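I have placed the structure first, in the form of structure tokens, so that the comments after it can refer back to it.
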Amino acid sequence: MTAHVRTTTPADEPALAALWERCFDAPHLPRLHALDPDRHRHTFVAQNDPDGGIDAVVVYVPRRIRDVHGVPRRVGGIGSVATRPEARGQGLVRRLLVAAERVMTAEGCDWSLLFTGTPGVYRGSGWREFASTYTEGTLAPPPDPGAFRIRAAAEQDAPAVAALHDAYNTTRPLSTVRTPQDWAVRVPAWYGPLEGSLVAEDPGSGQVAGWIVARLETERVDVHEFAGAPGSLGALLAAVGERGRAAGLDRARVRLPDGPVLRAALPALLADARTVTEHVGMARPLHATEESVRATVTAPGAVHWFGDCF
């Protein structure tokens, strides 16, 4: 039987939620899906039995992502890809990607972006891996206190944090232009409440000068995002290390863009920093040239923050 490929309707939302619940430990996916007012024409499903459940799904999420020159471009994010275990091996995702590519192109997307641990699923459909790096190591001993006052972020810090993020990323390749809806729904879905992050106050003005997101995992501390004055990064990383040690952890992983600022600040967190290269990002040109897309995803300082996942 050949599977039927179609876009969704509001009536499909319970079945989509059930499929995502079965395939992922990510209860926030329906909330993220609801952010796109055009989500039904951007959601592609396959059914072997028209009267049965959904066998596979691919979602195209339109996003404004900065190119190598810092100019926001319409990009088709691919996410929430799932297939029922019983329907795997039938090429359903590949067929759905063809449908998604057609709509992304018609809607003027310059290129498409996704992140995956199974790149082979997407190579045959035209997506190509690109390298990114993270830094990991053993937590360093506590450094001398710096001039910045570090504290937990509070709800009233939200406008200052959003402004820091915008300023820090205003010309950064591969970064996303966040909307108020992103700050209200998407960022908390991936990072948790704002109160779980840290801010640095400028010693002179008392204004928020830096913001960092770090999560305590089972084996290590994961640093996911930073924005703000370069001088505040070391103090924030030191505070992250303090939290990690208090939780009984002795290792950390830092996913911040490499450069002189990060290298100068890392000793405040890591005693033996080691850079690791991975290939989890994939891109596919649509209206843009392959050269321009490759220049964006490999540009110095390029980063797609975890809080912007699709």
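Letters A, B, ... mark the chains of the structure tokens in the order given; residue numbers begin at 1 per chain; ligand numbers begin at 1, in order shown.
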Surrounding residues of segment 38-50 of chain A excluding itself and chain neighbours under 2 positions, 10 Å, only C-alpha atoms, as a PyMOL selection string
chain A and resi 1-10+12-13+16+33-36+52-62+76+78-83+87+92-93+95-100+103-104
I'd like the contact shell of Asp182 of chain A - 12 Å cut-off, only C-alpha atoms, skipping same-chain residues fewer than 3 positions apart - returned as a ChimeraX atom specification.
/A:31-36,63-64,162,176-179,185-191,307-310
Determine, counting only C-alpha atoms, which protein, DNA and RNA residues have an atom within 8 Å of an atom of Glu201 of chain A; residues of the same chain fewer than 2 positions away are not included. Present the result as a PDB file with N, CA, C and O atoms, in the first residue's frame.
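The result, written out as part-v7.pdb:
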```
ATOM      1  N   PHE A 148      31.597  42.002  38.970  1.00  0.00           N
ATOM      2  CA  PHE A 148      30.176  41.880  38.655  1.00  0.00           C
ATOM      3  C   PHE A 148      29.438  41.145  39.772  1.00  0.00           C
ATOM      4  O   PHE A 148      29.943  40.181  40.346  1.00  0.00           O
ATOM      5  N   ARG A 149      28.220  41.616  40.062  1.00  0.00           N
ATOM      6  CA  ARG A 149      27.354  40.906  41.008  1.00  0.00           C
ATOM      7  C   ARG A 149      26.510  39.923  40.223  1.00  0.00           C
ATOM      8  O   ARG A 149      25.800  40.297  39.286  1.00  0.00           O
ATOM      9  N   ILE A 150      26.582  38.645  40.589  1.00  0.00           N
ATOM     10  CA  ILE A 150      25.845  37.600  39.895  1.00  0.00           C
ATOM     11  C   ILE A 150      24.659  37.184  40.752  1.00  0.00           C
ATOM     12  O   ILE A 150      24.790  36.971  41.958  1.00  0.00           O
ATOM     13  N   VAL A 199      22.066  36.350  35.813  1.00  0.00           N
ATOM     14  CA  VAL A 199      22.424  37.628  35.219  1.00  0.00           C
ATOM     15  C   VAL A 199      23.584  38.241  35.998  1.00  0.00           C
ATOM     16  O   VAL A 199      23.804  37.935  37.180  1.00  0.00           O
ATOM     17  N   PRO A 203      28.967  46.688  37.890  1.00  0.00           N
ATOM     18  CA  PRO A 203      29.334  47.196  39.218  1.00  0.00           C
ATOM     19  C   PRO A 203      29.118  48.695  39.381  1.00  0.00           C
ATOM     20  O   PRO A 203      28.945  49.184  40.498  1.00  0.00           O
ATOM     21  N   SER A 205      26.743  50.821  37.339  1.00  0.00           N
ATOM     22  CA  SER A 205      25.359  51.266  37.158  1.00  0.00           C
ATOM     23  C   SER A 205      24.333  50.376  37.835  1.00  0.00           C
ATOM     24  O   SER A 205      23.197  50.802  38.076  1.00  0.00           O
ATOM     25  N   GLY A 206      24.713  49.143  38.132  1.00  0.00           N
ATOM     26  CA  GLY A 206      23.749  48.195  38.682  1.00  0.00           C
ATOM     27  C   GLY A 206      22.814  47.608  37.639  1.00  0.00           C
ATOM     28  O   GLY A 206      21.930  46.805  37.961  1.00  0.00           O
ATOM     29  N   GLN A 207      23.009  47.978  36.360  1.00  0.00           N
ATOM     30  CA  GLN A 207      22.167  47.459  35.280  1.00  0.00           C
ATOM     31  C   GLN A 207      22.599  46.045  34.887  1.00  0.00           C
ATOM     32  O   GLN A 207      23.753  45.667  35.066  1.00  0.00           O
ATOM     33  N   VAL A 208      21.653  45.291  34.348  1.00  0.00           N
ATOM     34  CA  VAL A 208      21.965  43.938  33.874  1.00  0.00           C
ATOM     35  C   VAL A 208      22.898  44.045  32.673  1.00  0.00           C
ATOM     36  O   VAL A 208      22.562  44.658  31.659  1.00  0.00           O
ATOM     37  N   ALA A 209      24.079  43.446  32.809  1.00  0.00           N
ATOM     38  CA  ALA A 209      25.098  43.549  31.759  1.00  0.00           C
ATOM     39  C   ALA A 209      25.388  42.223  31.089  1.00  0.00           C
ATOM     40  O   ALA A 209      26.060  42.189  30.057  1.00  0.00           O
ATOM     41  N   GLY A 210      24.904  41.105  31.645  1.00  0.00           N
ATOM     42  CA  GLY A 210      25.159  39.806  31.064  1.00  0.00           C
ATOM     43  C   GLY A 210      24.105  38.812  31.500  1.00  0.00           C
ATOM     44  O   GLY A 210      23.462  38.978  32.547  1.00  0.00           O
TER      45      GLY A 210
END
```
For Arg220 of chain A, which residue out of A:Gln90, A:Thr105, A:Thr138, A:Thr118 is the nearest one, using only C-alpha atoms?
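The answer is A:Thr138, which sits nearest to Arg220 of chain A.
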Write out as number ranges by chain all residues of segment 33-220 of chain A that backbone DSSP assigns to strand (DSSP E or B).
A: 43-47, 56-66, 72-83, 111-115, 128-139, 149-152, 176, 198-201, 208-216
Residues at most 6 Å from Gly70 of chain A, counting only C-alpha atoms, excluding those fewer than 2 positions away in the same chain, as a list in words?
Arg66, Asp67, Val68, Thr171, Arg172 and Pro173 of chain A
For Leu216 of chain A, which residue among A:Gly108, A:Pro159, A:Gly241, A:Pro119 is the nearest when counting only C-alpha atoms?
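Of A:Gly108, A:Pro159, A:Gly241, A:Pro119, the one nearest Leu216 of chain A, counting only C-alpha atoms, is A:Gly241.
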Residues within 10 Å of Gly259 of chain A, only C-alpha atoms, excluding chain neighbours under 3 positions, as an MDAnalysis selection string:
chainID A and resid 256 262:264 300:301
Got a sec to tell me which of segment 105-239 of chain A DSSP assigns to alpha helix (DSSP H), as JSON, numbers by chain?
{"A": [105, 106, 120, 121, 122, 123, 158, 159, 160, 161, 162, 163, 164, 165, 166, 167, 168, 169, 180, 181, 187, 188, 189, 190, 191, 233, 234, 235, 236, 237, 238, 239]}
Could you save those same residues with N, CA, C and O atoms as a short mmCIF file (atom, residue, chain, number, x, y, z; two decimals), in the first residue's frame?
```cif
data_model
loop_
_atom_site.label_atom_id
_atom_site.label_comp_id
_atom_site.auth_asym_id
_atom_site.auth_seq_id
_atom_site.Cartn_x
_atom_site.Cartn_y
_atom_site.Cartn_z
N THR A 105 10.03 26.51 -0.75
CA THR A 105 10.48 27.24 -1.94
C THR A 105 9.40 28.21 -2.41
O THR A 105 9.69 29.38 -2.72
N ALA A 106 8.15 27.76 -2.44
CA ALA A 106 7.05 28.62 -2.88
C ALA A 106 6.87 29.81 -1.95
O ALA A 106 6.45 30.89 -2.39
N GLY A 120 21.89 10.57 7.94
CA GLY A 120 21.63 9.76 6.76
C GLY A 120 20.20 9.83 6.28
O GLY A 120 19.92 9.64 5.09
N VAL A 121 19.28 10.14 7.19
CA VAL A 121 17.87 10.26 6.80
C VAL A 121 17.67 11.41 5.82
O VAL A 121 16.78 11.38 4.97
N TYR A 122 18.54 12.44 5.91
CA TYR A 122 18.31 13.68 5.18
C TYR A 122 19.27 13.90 4.01
O TYR A 122 18.99 14.71 3.13
N ARG A 123 20.40 13.20 3.99
CA ARG A 123 21.38 13.43 2.93
C ARG A 123 20.78 13.19 1.55
O ARG A 123 21.00 13.95 0.61
N ALA A 158 13.21 40.39 32.30
CA ALA A 158 12.91 39.90 30.95
C ALA A 158 13.19 40.93 29.86
O ALA A 158 13.84 40.61 28.84
N PRO A 159 12.75 42.20 29.97
CA PRO A 159 13.07 43.16 28.91
C PRO A 159 14.56 43.39 28.74
O PRO A 159 15.06 43.49 27.60
N ALA A 160 15.30 43.46 29.85
CA ALA A 160 16.75 43.67 29.76
C ALA A 160 17.43 42.48 29.10
O ALA A 160 18.36 42.64 28.29
N VAL A 161 16.99 41.26 29.43
CA VAL A 161 17.58 40.06 28.85
C VAL A 161 17.31 40.02 27.34
O VAL A 161 18.21 39.72 26.54
N ALA A 162 16.09 40.33 26.94
CA ALA A 162 15.77 40.34 25.51
C ALA A 162 16.61 41.38 24.77
O ALA A 162 17.09 41.14 23.65
N ALA A 163 16.81 42.55 25.39
CA ALA A 163 17.64 43.59 24.76
C ALA A 163 19.08 43.14 24.64
O ALA A 163 19.75 43.40 23.62
N LEU A 164 19.61 42.49 25.69
CA LEU A 164 20.97 41.96 25.62
C LEU A 164 21.11 40.96 24.48
O LEU A 164 22.09 40.99 23.73
N HIS A 165 20.13 40.07 24.38
CA HIS A 165 20.17 39.06 23.32
C HIS A 165 20.18 39.71 21.94
O HIS A 165 20.97 39.34 21.06
N ASP A 166 19.29 40.67 21.73
CA ASP A 166 19.21 41.33 20.42
C ASP A 166 20.52 42.03 20.08
O ASP A 166 21.01 41.94 18.94
N ALA A 167 21.10 42.74 21.04
CA ALA A 167 22.33 43.48 20.79
C ALA A 167 23.50 42.52 20.53
O ALA A 167 24.33 42.77 19.64
N TYR A 168 23.57 41.45 21.30
CA TYR A 168 24.68 40.51 21.19
C TYR A 168 24.66 39.77 19.86
O TYR A 168 25.71 39.41 19.32
N ASN A 169 23.48 39.57 19.30
CA ASN A 169 23.34 38.76 18.09
C ASN A 169 22.98 39.57 16.85
O ASN A 169 22.71 38.98 15.81
N PRO A 180 8.40 38.33 20.39
CA PRO A 180 7.84 38.22 21.74
C PRO A 180 7.25 36.84 22.03
O PRO A 180 7.34 36.34 23.15
N GLN A 181 6.65 36.20 21.00
CA GLN A 181 6.12 34.85 21.20
C GLN A 181 7.24 33.85 21.50
O GLN A 181 7.06 32.93 22.30
N VAL A 187 11.50 29.94 24.09
CA VAL A 187 12.69 29.97 24.95
C VAL A 187 12.44 29.25 26.28
O VAL A 187 13.25 28.41 26.70
N PRO A 188 11.31 29.50 26.97
CA PRO A 188 11.06 28.73 28.20
C PRO A 188 10.88 27.23 27.96
O PRO A 188 11.21 26.43 28.83
N ALA A 189 10.36 26.87 26.77
CA ALA A 189 10.19 25.43 26.49
C ALA A 189 11.51 24.70 26.49
O ALA A 189 11.60 23.55 26.94
N TRP A 190 12.56 25.36 26.01
CA TRP A 190 13.87 24.71 25.93
C TRP A 190 14.74 24.98 27.15
O TRP A 190 15.56 24.14 27.54
N TYR A 191 14.59 26.15 27.75
CA TYR A 191 15.48 26.55 28.85
C TYR A 191 14.82 26.49 30.23
O TYR A 191 15.51 26.57 31.23
N LEU A 233 31.30 37.64 31.11
CA LEU A 233 31.23 36.20 30.84
C LEU A 233 32.01 35.39 31.87
O LEU A 233 31.53 34.36 32.36
N GLY A 234 33.21 35.80 32.21
CA GLY A 234 34.00 35.05 33.18
C GLY A 234 33.29 34.94 34.52
O GLY A 234 33.27 33.86 35.14
N ALA A 235 32.69 36.03 34.99
CA ALA A 235 31.98 36.01 36.27
C ALA A 235 30.77 35.09 36.22
O ALA A 235 30.47 34.36 37.17
N LEU A 236 30.07 35.11 35.10
CA LEU A 236 28.91 34.24 34.95
C LEU A 236 29.33 32.77 34.88
O LEU A 236 28.69 31.90 35.50
N LEU A 237 30.40 32.47 34.16
CA LEU A 237 30.88 31.09 34.09
C LEU A 237 31.34 30.61 35.47
O LEU A 237 31.12 29.44 35.84
N ALA A 238 31.96 31.49 36.23
CA ALA A 238 32.38 31.11 37.59
C ALA A 238 31.16 30.76 38.44
O ALA A 238 31.19 29.79 39.21
N ALA A 239 30.08 31.52 38.30
CA ALA A 239 28.86 31.23 39.05
C ALA A 239 28.23 29.92 38.60
O ALA A 239 27.68 29.17 39.41
#
```
